[in-house]
$ cat start.txt   # compact mmCIF, C-alpha atoms
# COMPACT_ATOMS: atom_id res chain seq x y z
CA MET A 1 -58.10 195.67 -68.81
CA LYS A 2 -61.42 194.18 -69.85
CA PRO A 3 -61.24 191.76 -72.80
CA SER A 4 -62.14 192.77 -76.33
CA SER A 5 -65.31 191.52 -77.99
CA THR A 6 -65.72 187.78 -77.52
CA VAL A 7 -68.00 187.52 -80.58
CA ARG A 8 -65.69 189.34 -82.97
CA GLY A 9 -62.61 187.92 -81.25
CA SER A 10 -63.74 184.36 -82.00
CA LEU A 11 -63.83 185.11 -85.73
CA GLU A 12 -61.33 183.03 -87.69
CA ARG A 13 -59.07 184.74 -90.19
CA HIS A 14 -60.28 184.60 -93.79
CA GLY A 15 -58.40 181.77 -95.56
CA VAL A 16 -58.59 183.45 -98.96
CA ARG A 17 -56.95 186.58 -97.58
CA GLU A 18 -54.26 184.51 -95.86
CA ILE A 19 -53.32 182.96 -99.19
CA MET A 20 -53.45 186.36 -100.90
CA VAL A 21 -51.07 187.92 -98.36
CA ARG A 22 -48.60 185.03 -98.45
CA SER A 23 -48.60 184.69 -102.23
CA ALA A 24 -47.90 188.43 -102.59
CA GLU A 25 -44.36 187.61 -101.45
CA ILE A 26 -43.86 185.16 -104.35
CA PRO A 27 -42.60 186.88 -107.53
CA GLY A 28 -44.75 186.05 -110.56
CA ALA A 29 -47.44 184.23 -108.58
CA LEU A 30 -50.73 183.70 -110.41
CA HIS A 31 -53.53 184.77 -108.10
CA LEU A 32 -56.52 182.42 -108.32
CA GLU A 33 -57.56 182.73 -104.67
CA VAL A 34 -59.52 185.99 -104.84
CA GLY A 35 -62.15 187.29 -107.28
CA GLN A 36 -59.88 189.83 -108.94
CA PRO A 37 -60.50 190.39 -112.67
CA ASN A 38 -57.25 190.29 -114.63
CA PHE A 39 -58.29 193.37 -116.59
CA GLU A 40 -57.89 197.09 -115.95
CA THR A 41 -60.84 199.35 -115.22
CA PRO A 42 -62.09 200.67 -118.60
CA VAL A 43 -60.52 203.99 -119.59
CA HIS A 44 -63.82 205.91 -119.82
CA ILE A 45 -64.49 205.04 -116.17
CA GLN A 46 -61.03 206.19 -115.13
CA ASP A 47 -61.58 209.42 -117.07
CA ALA A 48 -64.87 210.03 -115.24
CA ALA A 49 -63.06 209.81 -111.91
CA ARG A 50 -60.43 212.30 -113.10
CA ARG A 51 -63.16 214.71 -114.20
CA ALA A 52 -64.84 214.36 -110.80
CA ILE A 53 -61.56 215.38 -109.15
CA ASP A 54 -61.18 218.33 -111.52
CA GLU A 55 -64.79 219.33 -110.80
CA LYS A 56 -64.09 219.02 -107.06
CA TRP A 57 -66.50 216.27 -106.05
CA PHE A 58 -64.91 216.35 -102.63
CA GLY A 59 -67.85 216.52 -100.21
CA TYR A 60 -70.10 214.11 -98.37
CA THR A 61 -72.90 212.56 -100.39
CA HIS A 62 -76.36 211.32 -99.44
CA ASN A 63 -76.15 208.36 -97.03
CA ALA A 64 -77.76 206.13 -99.65
CA GLY A 65 -75.48 207.41 -102.42
CA ILE A 66 -75.59 210.05 -105.14
CA VAL A 67 -79.10 210.10 -106.63
CA GLN A 68 -77.69 210.19 -110.15
CA LEU A 69 -75.81 206.93 -109.47
CA ARG A 70 -78.90 205.24 -108.05
CA ARG A 71 -80.88 206.34 -111.10
CA SER A 72 -78.14 205.00 -113.38
CA LEU A 73 -78.24 201.60 -111.69
CA GLY A 74 -82.04 201.59 -111.83
CA THR A 75 -81.92 202.33 -115.56
CA PHE A 76 -79.38 199.54 -116.05
CA LEU A 77 -81.54 197.03 -114.15
CA GLN A 78 -84.55 198.03 -116.25
CA ARG A 79 -82.60 197.69 -119.49
CA GLN A 80 -80.85 194.45 -118.54
CA TYR A 81 -83.59 192.59 -116.66
CA GLY A 82 -86.81 194.57 -117.00
CA LEU A 83 -86.77 195.43 -113.28
CA ASP A 84 -88.50 198.53 -111.93
CA VAL A 85 -86.21 199.75 -109.12
CA ALA A 86 -86.57 203.35 -107.88
CA PRO A 87 -83.64 205.31 -106.39
CA GLU A 88 -85.37 205.06 -102.99
CA GLN A 89 -84.97 201.28 -103.17
CA LEU A 90 -81.19 201.43 -103.60
CA VAL A 91 -78.40 201.99 -101.09
CA VAL A 92 -74.82 202.47 -102.28
CA THR A 93 -72.14 200.83 -100.14
CA PRO A 94 -68.31 200.46 -100.02
CA GLY A 95 -68.29 197.30 -102.12
CA ALA A 96 -70.84 194.51 -102.36
CA VAL A 97 -69.57 192.92 -99.14
CA THR A 98 -70.84 195.91 -97.17
CA ALA A 99 -74.15 195.72 -99.01
CA LEU A 100 -74.44 192.11 -97.87
CA ALA A 101 -73.58 192.98 -94.28
CA LEU A 102 -75.99 195.91 -94.38
CA GLY A 103 -78.73 193.60 -95.63
CA VAL A 104 -78.13 191.20 -92.75
CA LEU A 105 -78.21 194.09 -90.28
CA ALA A 106 -81.39 195.53 -91.79
CA VAL A 107 -83.54 192.42 -91.34
CA THR A 108 -82.07 190.38 -88.47
CA ASP A 109 -81.60 190.76 -84.74
CA PRO A 110 -79.17 188.91 -82.46
CA GLY A 111 -80.28 185.31 -82.07
CA ASP A 112 -82.12 185.15 -85.40
CA GLU A 113 -81.14 182.25 -87.63
CA VAL A 114 -79.79 182.70 -91.15
CA LEU A 115 -79.62 179.93 -93.77
CA VAL A 116 -76.14 180.11 -95.34
CA PRO A 117 -74.89 178.07 -98.34
CA ASP A 118 -71.99 175.62 -97.95
CA PRO A 119 -69.63 175.91 -99.73
CA SER A 120 -69.81 179.66 -100.08
CA TRP A 121 -67.73 182.78 -99.79
CA PRO A 122 -66.60 182.73 -96.12
CA ASN A 123 -67.73 186.33 -95.58
CA TYR A 124 -71.36 185.13 -95.47
CA TRP A 125 -71.16 183.20 -92.24
CA GLN A 126 -68.59 185.63 -90.84
CA MET A 127 -70.92 188.63 -91.16
CA VAL A 128 -73.85 186.66 -89.75
CA HIS A 129 -71.70 185.61 -86.79
CA CYS A 130 -70.38 189.15 -86.24
CA HIS A 131 -73.92 190.55 -86.11
CA GLY A 132 -74.92 188.08 -83.40
CA ALA A 133 -77.19 186.01 -85.63
CA VAL A 134 -76.85 182.23 -85.99
CA PRO A 135 -75.71 180.67 -89.29
CA LEU A 136 -77.42 177.42 -90.34
CA PHE A 137 -75.53 175.79 -93.22
CA TYR A 138 -77.28 174.13 -96.15
CA SER A 139 -75.34 172.04 -98.65
CA LEU A 140 -74.53 172.73 -102.29
CA ARG A 141 -73.50 169.31 -103.59
CA PRO A 142 -71.85 168.55 -106.95
CA GLU A 143 -74.21 165.64 -107.62
CA ASN A 144 -77.08 168.16 -107.44
CA GLY A 145 -75.36 170.65 -109.73
CA PHE A 146 -74.45 172.76 -106.67
CA LEU A 147 -78.12 173.74 -106.31
CA PRO A 148 -79.89 173.93 -102.93
CA SER A 149 -81.87 170.91 -101.79
CA MET A 150 -85.38 172.02 -100.92
CA GLU A 151 -85.75 168.97 -98.65
CA GLU A 152 -82.67 169.98 -96.65
CA LEU A 153 -83.86 173.57 -96.36
CA GLU A 154 -87.21 172.33 -95.01
CA ARG A 155 -85.37 170.27 -92.39
CA LEU A 156 -83.19 173.17 -91.29
CA VAL A 157 -85.75 175.99 -91.04
CA THR A 158 -87.18 176.77 -87.59
CA PRO A 159 -89.49 179.45 -86.15
CA ARG A 160 -86.31 181.45 -85.32
CA THR A 161 -85.11 181.50 -88.94
CA LYS A 162 -85.35 184.98 -90.46
CA LEU A 163 -83.22 185.04 -93.60
CA LEU A 164 -82.14 182.81 -96.48
CA MET A 165 -78.88 183.74 -98.25
CA ILE A 166 -78.25 182.64 -101.83
CA ASN A 167 -75.54 183.38 -104.40
CA THR A 168 -76.07 183.10 -108.15
CA PRO A 169 -73.88 182.94 -110.19
CA GLY A 170 -72.17 181.13 -107.35
CA ASN A 171 -68.79 181.61 -105.74
CA PRO A 172 -66.95 179.24 -105.54
CA THR A 173 -69.18 176.70 -107.33
CA GLY A 174 -69.91 178.65 -110.53
CA ALA A 175 -73.51 177.38 -110.45
CA VAL A 176 -76.13 179.57 -112.12
CA PHE A 177 -79.51 178.91 -110.50
CA PRO A 178 -82.14 178.16 -113.18
CA ARG A 179 -85.53 179.85 -113.09
CA GLU A 180 -87.22 176.78 -111.59
CA THR A 181 -84.81 176.81 -108.65
CA MET A 182 -85.29 180.53 -108.09
CA VAL A 183 -89.08 180.07 -108.12
CA GLU A 184 -88.81 177.24 -105.57
CA LEU A 185 -86.56 179.33 -103.30
CA LEU A 186 -88.99 182.26 -103.37
CA GLN A 187 -91.89 179.91 -102.62
CA PHE A 188 -89.92 178.45 -99.70
CA ALA A 189 -89.20 181.95 -98.38
CA ARG A 190 -92.88 182.91 -98.59
CA ARG A 191 -93.98 179.67 -96.95
CA HIS A 192 -91.77 180.30 -93.93
CA ASP A 193 -92.00 184.11 -94.03
CA LEU A 194 -88.27 184.60 -94.60
CA TYR A 195 -86.34 187.40 -96.21
CA LEU A 196 -84.18 186.29 -99.13
CA LEU A 197 -80.77 187.92 -99.56
CA SER A 198 -79.48 187.26 -103.08
CA ASP A 199 -75.82 187.97 -103.88
CA GLU A 200 -75.74 188.65 -107.63
CA VAL A 201 -72.42 190.44 -107.93
CA TYR A 202 -71.38 188.08 -110.78
CA ASP A 203 -74.71 188.62 -112.58
CA ARG A 204 -73.28 189.35 -116.03
CA ILE A 205 -70.42 186.83 -116.00
CA VAL A 206 -72.42 183.83 -117.22
CA PHE A 207 -71.04 181.23 -119.64
CA ASP A 208 -74.10 178.97 -120.00
CA GLY A 209 -77.79 179.62 -119.38
CA GLU A 210 -79.17 182.90 -118.11
CA HIS A 211 -79.06 184.85 -114.88
CA VAL A 212 -82.47 185.09 -113.21
CA PRO A 213 -82.59 188.03 -110.75
CA ALA A 214 -84.41 187.27 -107.51
CA LEU A 215 -86.11 190.66 -107.73
CA SER A 216 -87.81 189.60 -110.96
CA LEU A 217 -89.77 186.98 -108.97
CA ASP A 218 -90.43 189.06 -105.86
CA ASP A 219 -94.10 189.95 -105.48
CA ASP A 220 -94.22 190.87 -101.78
CA GLY A 221 -90.98 192.75 -101.04
CA ARG A 222 -89.02 190.05 -99.22
CA VAL A 223 -85.99 190.07 -101.56
CA LEU A 224 -82.75 191.96 -100.92
CA SER A 225 -80.45 191.82 -103.95
CA ILE A 226 -76.77 192.69 -104.10
CA TYR A 227 -75.01 194.20 -107.10
CA GLY A 228 -71.65 195.86 -107.64
CA VAL A 229 -69.10 197.17 -110.11
CA SER A 230 -66.17 195.04 -108.94
CA LYS A 231 -66.58 192.01 -111.20
CA ASN A 232 -68.53 193.39 -114.15
CA PHE A 233 -66.30 196.44 -114.69
CA ALA A 234 -62.98 195.29 -113.14
CA MET A 235 -63.37 197.84 -110.33
CA THR A 236 -62.60 195.82 -107.19
CA GLY A 237 -60.49 198.54 -105.58
CA TRP A 238 -63.01 201.31 -106.22
CA ARG A 239 -65.34 199.74 -103.60
CA VAL A 240 -68.84 200.44 -104.87
CA GLY A 241 -71.72 198.02 -104.25
CA PHE A 242 -75.50 198.25 -104.02
CA LEU A 243 -78.34 196.90 -101.93
CA ALA A 244 -81.65 196.77 -103.83
CA THR A 245 -84.81 196.00 -101.87
CA ASN A 246 -88.22 197.33 -100.87
CA ARG A 247 -88.46 200.92 -99.67
CA ASP A 248 -88.99 200.06 -95.99
CA VAL A 249 -85.92 197.83 -95.73
CA ALA A 250 -83.92 200.31 -97.83
CA SER A 251 -84.88 203.03 -95.35
CA VAL A 252 -83.61 200.92 -92.44
CA ALA A 253 -80.39 200.23 -94.34
CA GLU A 254 -79.95 203.90 -95.19
CA ARG A 255 -80.27 204.90 -91.54
CA THR A 256 -77.74 202.21 -90.62
CA VAL A 257 -75.23 203.68 -93.08
CA GLU A 258 -74.61 206.82 -90.99
CA PRO A 259 -73.06 205.15 -87.92
CA MET A 260 -71.17 202.66 -90.12
CA PHE A 261 -69.53 204.66 -92.94
CA SER A 262 -71.59 207.83 -93.59
CA CYS A 263 -71.36 207.50 -97.39
CA VAL A 264 -69.30 206.01 -100.18
CA ASN A 265 -66.26 207.81 -101.64
CA SER A 266 -67.68 210.49 -103.96
CA ILE A 267 -65.04 210.03 -106.67
CA ALA A 268 -65.71 206.29 -106.80
CA GLN A 269 -69.42 207.02 -107.14
CA ALA A 270 -68.69 209.28 -110.11
CA ALA A 271 -66.73 206.44 -111.71
CA ALA A 272 -69.64 204.04 -111.09
CA ILE A 273 -72.04 206.44 -112.85
CA ALA A 274 -69.81 206.24 -115.93
CA ALA A 275 -69.72 202.45 -115.63
CA TYR A 276 -73.50 202.13 -115.85
CA ASP A 277 -74.15 205.02 -118.24
CA GLY A 278 -71.27 204.24 -120.61
CA PRO A 279 -70.45 201.39 -123.02
CA GLN A 280 -71.28 197.91 -121.74
CA ASP A 281 -69.25 195.85 -124.19
CA THR A 282 -66.25 195.60 -121.84
CA THR A 283 -68.09 193.14 -119.60
CA ASP A 284 -69.01 190.97 -122.58
CA PHE A 285 -65.39 191.05 -123.74
CA MET A 286 -64.09 190.00 -120.31
CA THR A 287 -66.64 187.18 -120.07
CA ARG A 288 -65.61 185.82 -123.47
CA ARG A 289 -61.96 185.91 -122.39
CA TYR A 290 -62.74 184.08 -119.14

$ encode --input "start.txt" --output "structure tokens"
Amino acid sequence: MKPSSTVRGSLERHGVREIMVRSAEIPGALHLEVGQPNFETPVHIQDAARRAIDEKWFGYTHNAGIVQLRRSLGTFLQRQYGLDVAPEQLVVTPGAVTALALGVLAVTDPGDEVLVPDPSWPNYWQMVHCHGAVPLFYSLRPENGFLPSMEELERLVTPRTKLLMINTPGNPTGAVFPRETMVELLQFARRHDLYLLSDEVYDRIVFDGEHVPALSLDDDGRVLSIYGVSKNFAMTGWRVGFLATNRDVASVAERTVEPMFSCVNSIAQAAAIAAYDGPQDTTDFMTRRY
């Protein structure tokens, strides 16, 4: 029999998941290895999912997600950050991790180089590797406040580099990139004609300072931003994330959805609508508790 994929077969197992699986066998273990909020999904969101079942939301949805959900997220981004994001610029995915992978797929080809933070969530370099692109690691050092070094990025970038990945608020560092850093990163991306993929799934869980969305500084459509309900609304198992970008890249991503997963679970999308349309004080409460 011919061997299985050498690229995917060379992928190391995710250390965080290894710890999660092993610790599940320890009664009373406190799980600090995975980004799982220790709160339940708010009741009004659960109720919305039950209503969707009663109303028989059982069919396929649009590849990019239910329009009502994309409008709800767009309204939230306008209210929260002053962003103008149309439904056609949003693609709903099974969790933010798929939105990240979809973003990588939408703008890179095999052999392209991707600048990946180190340390970072291991899924970043794993998805780059799986797609046949080449991860180039840039350092996030404690003595620099876990912020990227522009000098190091300039040394690493080559004519084959296509994408810069960033994460703010950061996992695992907790760093929140200030506005000056975000401006510098966008300038760097423009200078080298790179796309910038910004993972902002922890956008509302900020203890000090403010979250500066990459899209708020994007004036030429090179930003792909990632949002999701997992952290802000304690909905990790519902698996709903979003890719927000320019219409052309969103169109590529939408067409890529069909051969990957067709669409996101319709009941989970109904719950996500309630998350964005309903009360927002739960997130503030959780952040204060953290």

$ closest_residue --input "start.txt" --among "A:Trp238, A:Phe207, A:Tyr124, A:Tyr290" --to "Leu136 (chain A)" --atoms "all atoms listed in the file"
A:Tyr124

$ atom_distance --input "start.txt" --atom1 "CA of Trp57 (chain A)" --atom2 "CA of Ile267 (chain A)"
6.4 Å

$ closest_residue --input "start.txt" --among "A:Leu102, A:Ile19, A:Ala96, A:Met235" --to "Glu40 (chain A)" --atoms "only C-alpha atoms"
A:Met235

$ atom_distance --input "start.txt" --atom1 "CA of Pro279 (chain A)" --atom2 "CA of Gln78 (chain A)"
16.0 Å

$ closest_residue --input "start.txt" --among "A:Met150, A:Cys263, A:Ala29, A:Leu197" --to "Thr108 (chain A)" --atoms "only C-alpha atoms"
A:Leu197

$ residues_near_point --input "start.txt" --point "(-64.3, 190.2, -117.0)" --cutoff "7 Å" --atoms "only C-alpha atoms" --output "JSON list (two decimals) with C-alpha atoms, in the frame of the given file"
[["chain", "number", "residue", "atom", "x", "y", "z"],
["A", 37, "PRO", "CA", -60.50, 190.39, -112.67],
["A", 39, "PHE", "CA", -58.29, 193.37, -116.59],
["A", 231, "LYS", "CA", -66.58, 192.01, -111.20],
["A", 232, "ASN", "CA", -68.53, 193.39, -114.15],
["A", 233, "PHE", "CA", -66.30, 196.44, -114.69],
["A", 234, "ALA", "CA", -62.98, 195.29, -113.14],
["A", 283, "THR", "CA", -68.09, 193.14, -119.60],
["A", 285, "PHE", "CA", -65.39, 191.05, -123.74],
["A", 286, "MET", "CA", -64.09, 190.00, -120.31],
["A", 287, "THR", "CA", -66.64, 187.18, -120.07],
["A", 290, "TYR", "CA", -62.74, 184.08, -119.14]]

$ atom_distance --input "start.txt" --atom1 "CA of Ile53 (chain A)" --atom2 "CA of Pro259 (chain A)"
26.2 Å

$ closest_residue --input "start.txt" --among "A:Val212, A:Ala64, A:Ile205, A:Leu163" --to "Val104 (chain A)" --atoms "all atoms listed in the file"
A:Leu163

$ residues_around --input "start.txt" --residues "Leu115 (chain A)" --least-positions-apart "4" --cutoff "8 Å" --atoms "all atoms listed in the file" --output "list of chain:residue names"
A:Pro135, A:Leu136, A:Phe137, A:Tyr138, A:Val157, A:Thr161, A:Leu163, A:Leu164, A:Met165

$ closest_residue --input "start.txt" --among "A:Leu153, A:Leu186, A:Ala244, A:Val21" --to "Ala86 (chain A)" --atoms "only C-alpha atoms"
A:Ala244

$ closest_residue --input "start.txt" --among "A:Val257, A:Cys130, A:Leu147, A:Ala274" --to "Ser10 (chain A)" --atoms "all atoms listed in the file"
A:Cys130

$ residues_near_point --input "start.txt" --point "(-68.9, 208.7, -113.8)" --cutoff "12 Å" --atoms "all atoms listed in the file" --output "ChimeraX atom specification"
/A:42-53,55,57,66,68-69,72-73,266-279

$ residues_around --input "start.txt" --residues "Ser216 (chain A)" --least-positions-apart "6" --cutoff "10 Å" --atoms "only C-alpha atoms" --output "list in words"
Tyr81, Gly82, Leu83, Asp84, Met182 and Val223 of chain A

$ build_atoms --input "start.txt" --residues "region 164-175 of chain A" --atoms "all heavy atoms" --output "mmCIF file, in the frame of the given file"
data_model
loop_
_atom_site.group_PDB
_atom_site.id
_atom_site.type_symbol
_atom_site.label_atom_id
_atom_site.label_comp_id
_atom_site.auth_asym_id
_atom_site.auth_seq_id
_atom_site.Cartn_x
_atom_site.Cartn_y
_atom_site.Cartn_z
ATOM 1 N N LEU A 164 -82.788 183.799 -95.621
ATOM 2 C CA LEU A 164 -82.140 182.810 -96.480
ATOM 3 C C LEU A 164 -81.168 183.552 -97.392
ATOM 4 O O LEU A 164 -81.554 184.485 -98.102
ATOM 5 C CB LEU A 164 -83.186 182.076 -97.329
ATOM 6 C CG LEU A 164 -82.669 181.237 -98.509
ATOM 7 C CD1 LEU A 164 -81.824 180.071 -98.018
ATOM 8 C CD2 LEU A 164 -83.838 180.739 -99.360
ATOM 9 N N MET A 165 -79.897 183.146 -97.386
ATOM 10 C CA MET A 165 -78.880 183.740 -98.250
ATOM 11 C C MET A 165 -78.614 182.815 -99.431
ATOM 12 O O MET A 165 -78.432 181.604 -99.253
ATOM 13 C CB MET A 165 -77.567 183.979 -97.481
ATOM 14 C CG MET A 165 -77.689 184.916 -96.303
ATOM 15 S SD MET A 165 -76.099 185.212 -95.468
ATOM 16 C CE MET A 165 -75.335 186.387 -96.602
ATOM 17 N N ILE A 166 -78.601 183.393 -100.637
ATOM 18 C CA ILE A 166 -78.250 182.640 -101.830
ATOM 19 C C ILE A 166 -77.233 183.434 -102.649
ATOM 20 O O ILE A 166 -77.090 184.637 -102.460
ATOM 21 C CB ILE A 166 -79.482 182.291 -102.695
ATOM 22 C CG1 ILE A 166 -80.101 183.561 -103.301
ATOM 23 C CG2 ILE A 166 -80.512 181.511 -101.883
ATOM 24 C CD1 ILE A 166 -81.186 183.270 -104.333
ATOM 25 N N ASN A 167 -76.556 182.731 -103.561
ATOM 26 C CA ASN A 167 -75.540 183.380 -104.400
ATOM 27 C C ASN A 167 -75.609 182.757 -105.795
ATOM 28 O O ASN A 167 -75.328 181.573 -105.960
ATOM 29 C CB ASN A 167 -74.163 183.171 -103.778
ATOM 30 C CG ASN A 167 -73.023 183.694 -104.622
ATOM 31 O OD1 ASN A 167 -71.916 183.175 -104.546
ATOM 32 N ND2 ASN A 167 -73.245 184.721 -105.415
ATOM 33 N N THR A 168 -76.012 183.556 -106.768
ATOM 34 C CA THR A 168 -76.070 183.100 -108.150
ATOM 35 C C THR A 168 -75.745 184.252 -109.081
ATOM 36 O O THR A 168 -76.301 185.331 -108.899
ATOM 37 C CB THR A 168 -77.457 182.500 -108.485
ATOM 38 O OG1 THR A 168 -77.469 182.083 -109.882
ATOM 39 C CG2 THR A 168 -78.599 183.459 -108.256
ATOM 40 N N PRO A 169 -74.814 184.058 -110.022
ATOM 41 C CA PRO A 169 -73.880 182.940 -110.190
ATOM 42 C C PRO A 169 -73.028 182.733 -108.941
ATOM 43 O O PRO A 169 -72.669 183.692 -108.270
ATOM 44 C CB PRO A 169 -73.029 183.367 -111.386
ATOM 45 C CG PRO A 169 -73.883 184.339 -112.138
ATOM 46 C CD PRO A 169 -74.644 185.081 -111.081
ATOM 47 N N GLY A 170 -72.732 181.479 -108.652
ATOM 48 C CA GLY A 170 -72.170 181.130 -107.350
ATOM 49 C C GLY A 170 -70.666 181.226 -107.261
ATOM 50 O O GLY A 170 -69.943 180.916 -108.205
ATOM 51 N N ASN A 171 -70.194 181.621 -106.113
ATOM 52 C CA ASN A 171 -68.790 181.610 -105.740
ATOM 53 C C ASN A 171 -68.661 180.743 -104.492
ATOM 54 O O ASN A 171 -69.280 181.060 -103.479
ATOM 55 C CB ASN A 171 -68.329 183.048 -105.434
ATOM 56 C CG ASN A 171 -66.903 183.113 -104.905
ATOM 57 O OD1 ASN A 171 -66.158 182.152 -105.016
ATOM 58 N ND2 ASN A 171 -66.538 184.243 -104.326
ATOM 59 N N PRO A 172 -67.930 179.638 -104.529
ATOM 60 C CA PRO A 172 -66.950 179.240 -105.540
ATOM 61 C C PRO A 172 -67.458 178.212 -106.557
ATOM 62 O O PRO A 172 -66.671 177.743 -107.378
ATOM 63 C CB PRO A 172 -65.866 178.600 -104.676
ATOM 64 C CG PRO A 172 -66.645 177.893 -103.601
ATOM 65 C CD PRO A 172 -67.818 178.808 -103.301
ATOM 66 N N THR A 173 -68.722 177.841 -106.535
ATOM 67 C CA THR A 173 -69.180 176.700 -107.330
ATOM 68 C C THR A 173 -69.333 177.030 -108.813
ATOM 69 O O THR A 173 -69.239 176.145 -109.663
ATOM 70 C CB THR A 173 -70.527 176.193 -106.826
ATOM 71 O OG1 THR A 173 -71.543 177.172 -107.092
ATOM 72 C CG2 THR A 173 -70.469 175.899 -105.327
ATOM 73 N N GLY A 174 -69.632 178.282 -109.153
ATOM 74 C CA GLY A 174 -69.910 178.650 -110.530
ATOM 75 C C GLY A 174 -71.328 178.328 -110.973
ATOM 76 O O GLY A 174 -71.698 178.587 -112.118
ATOM 77 N N ALA A 175 -72.143 177.760 -110.086
ATOM 78 C CA ALA A 175 -73.510 177.380 -110.450
ATOM 79 C C ALA A 175 -74.370 178.605 -110.718
ATOM 80 O O ALA A 175 -74.325 179.589 -109.970
ATOM 81 C CB ALA A 175 -74.134 176.541 -109.341
#
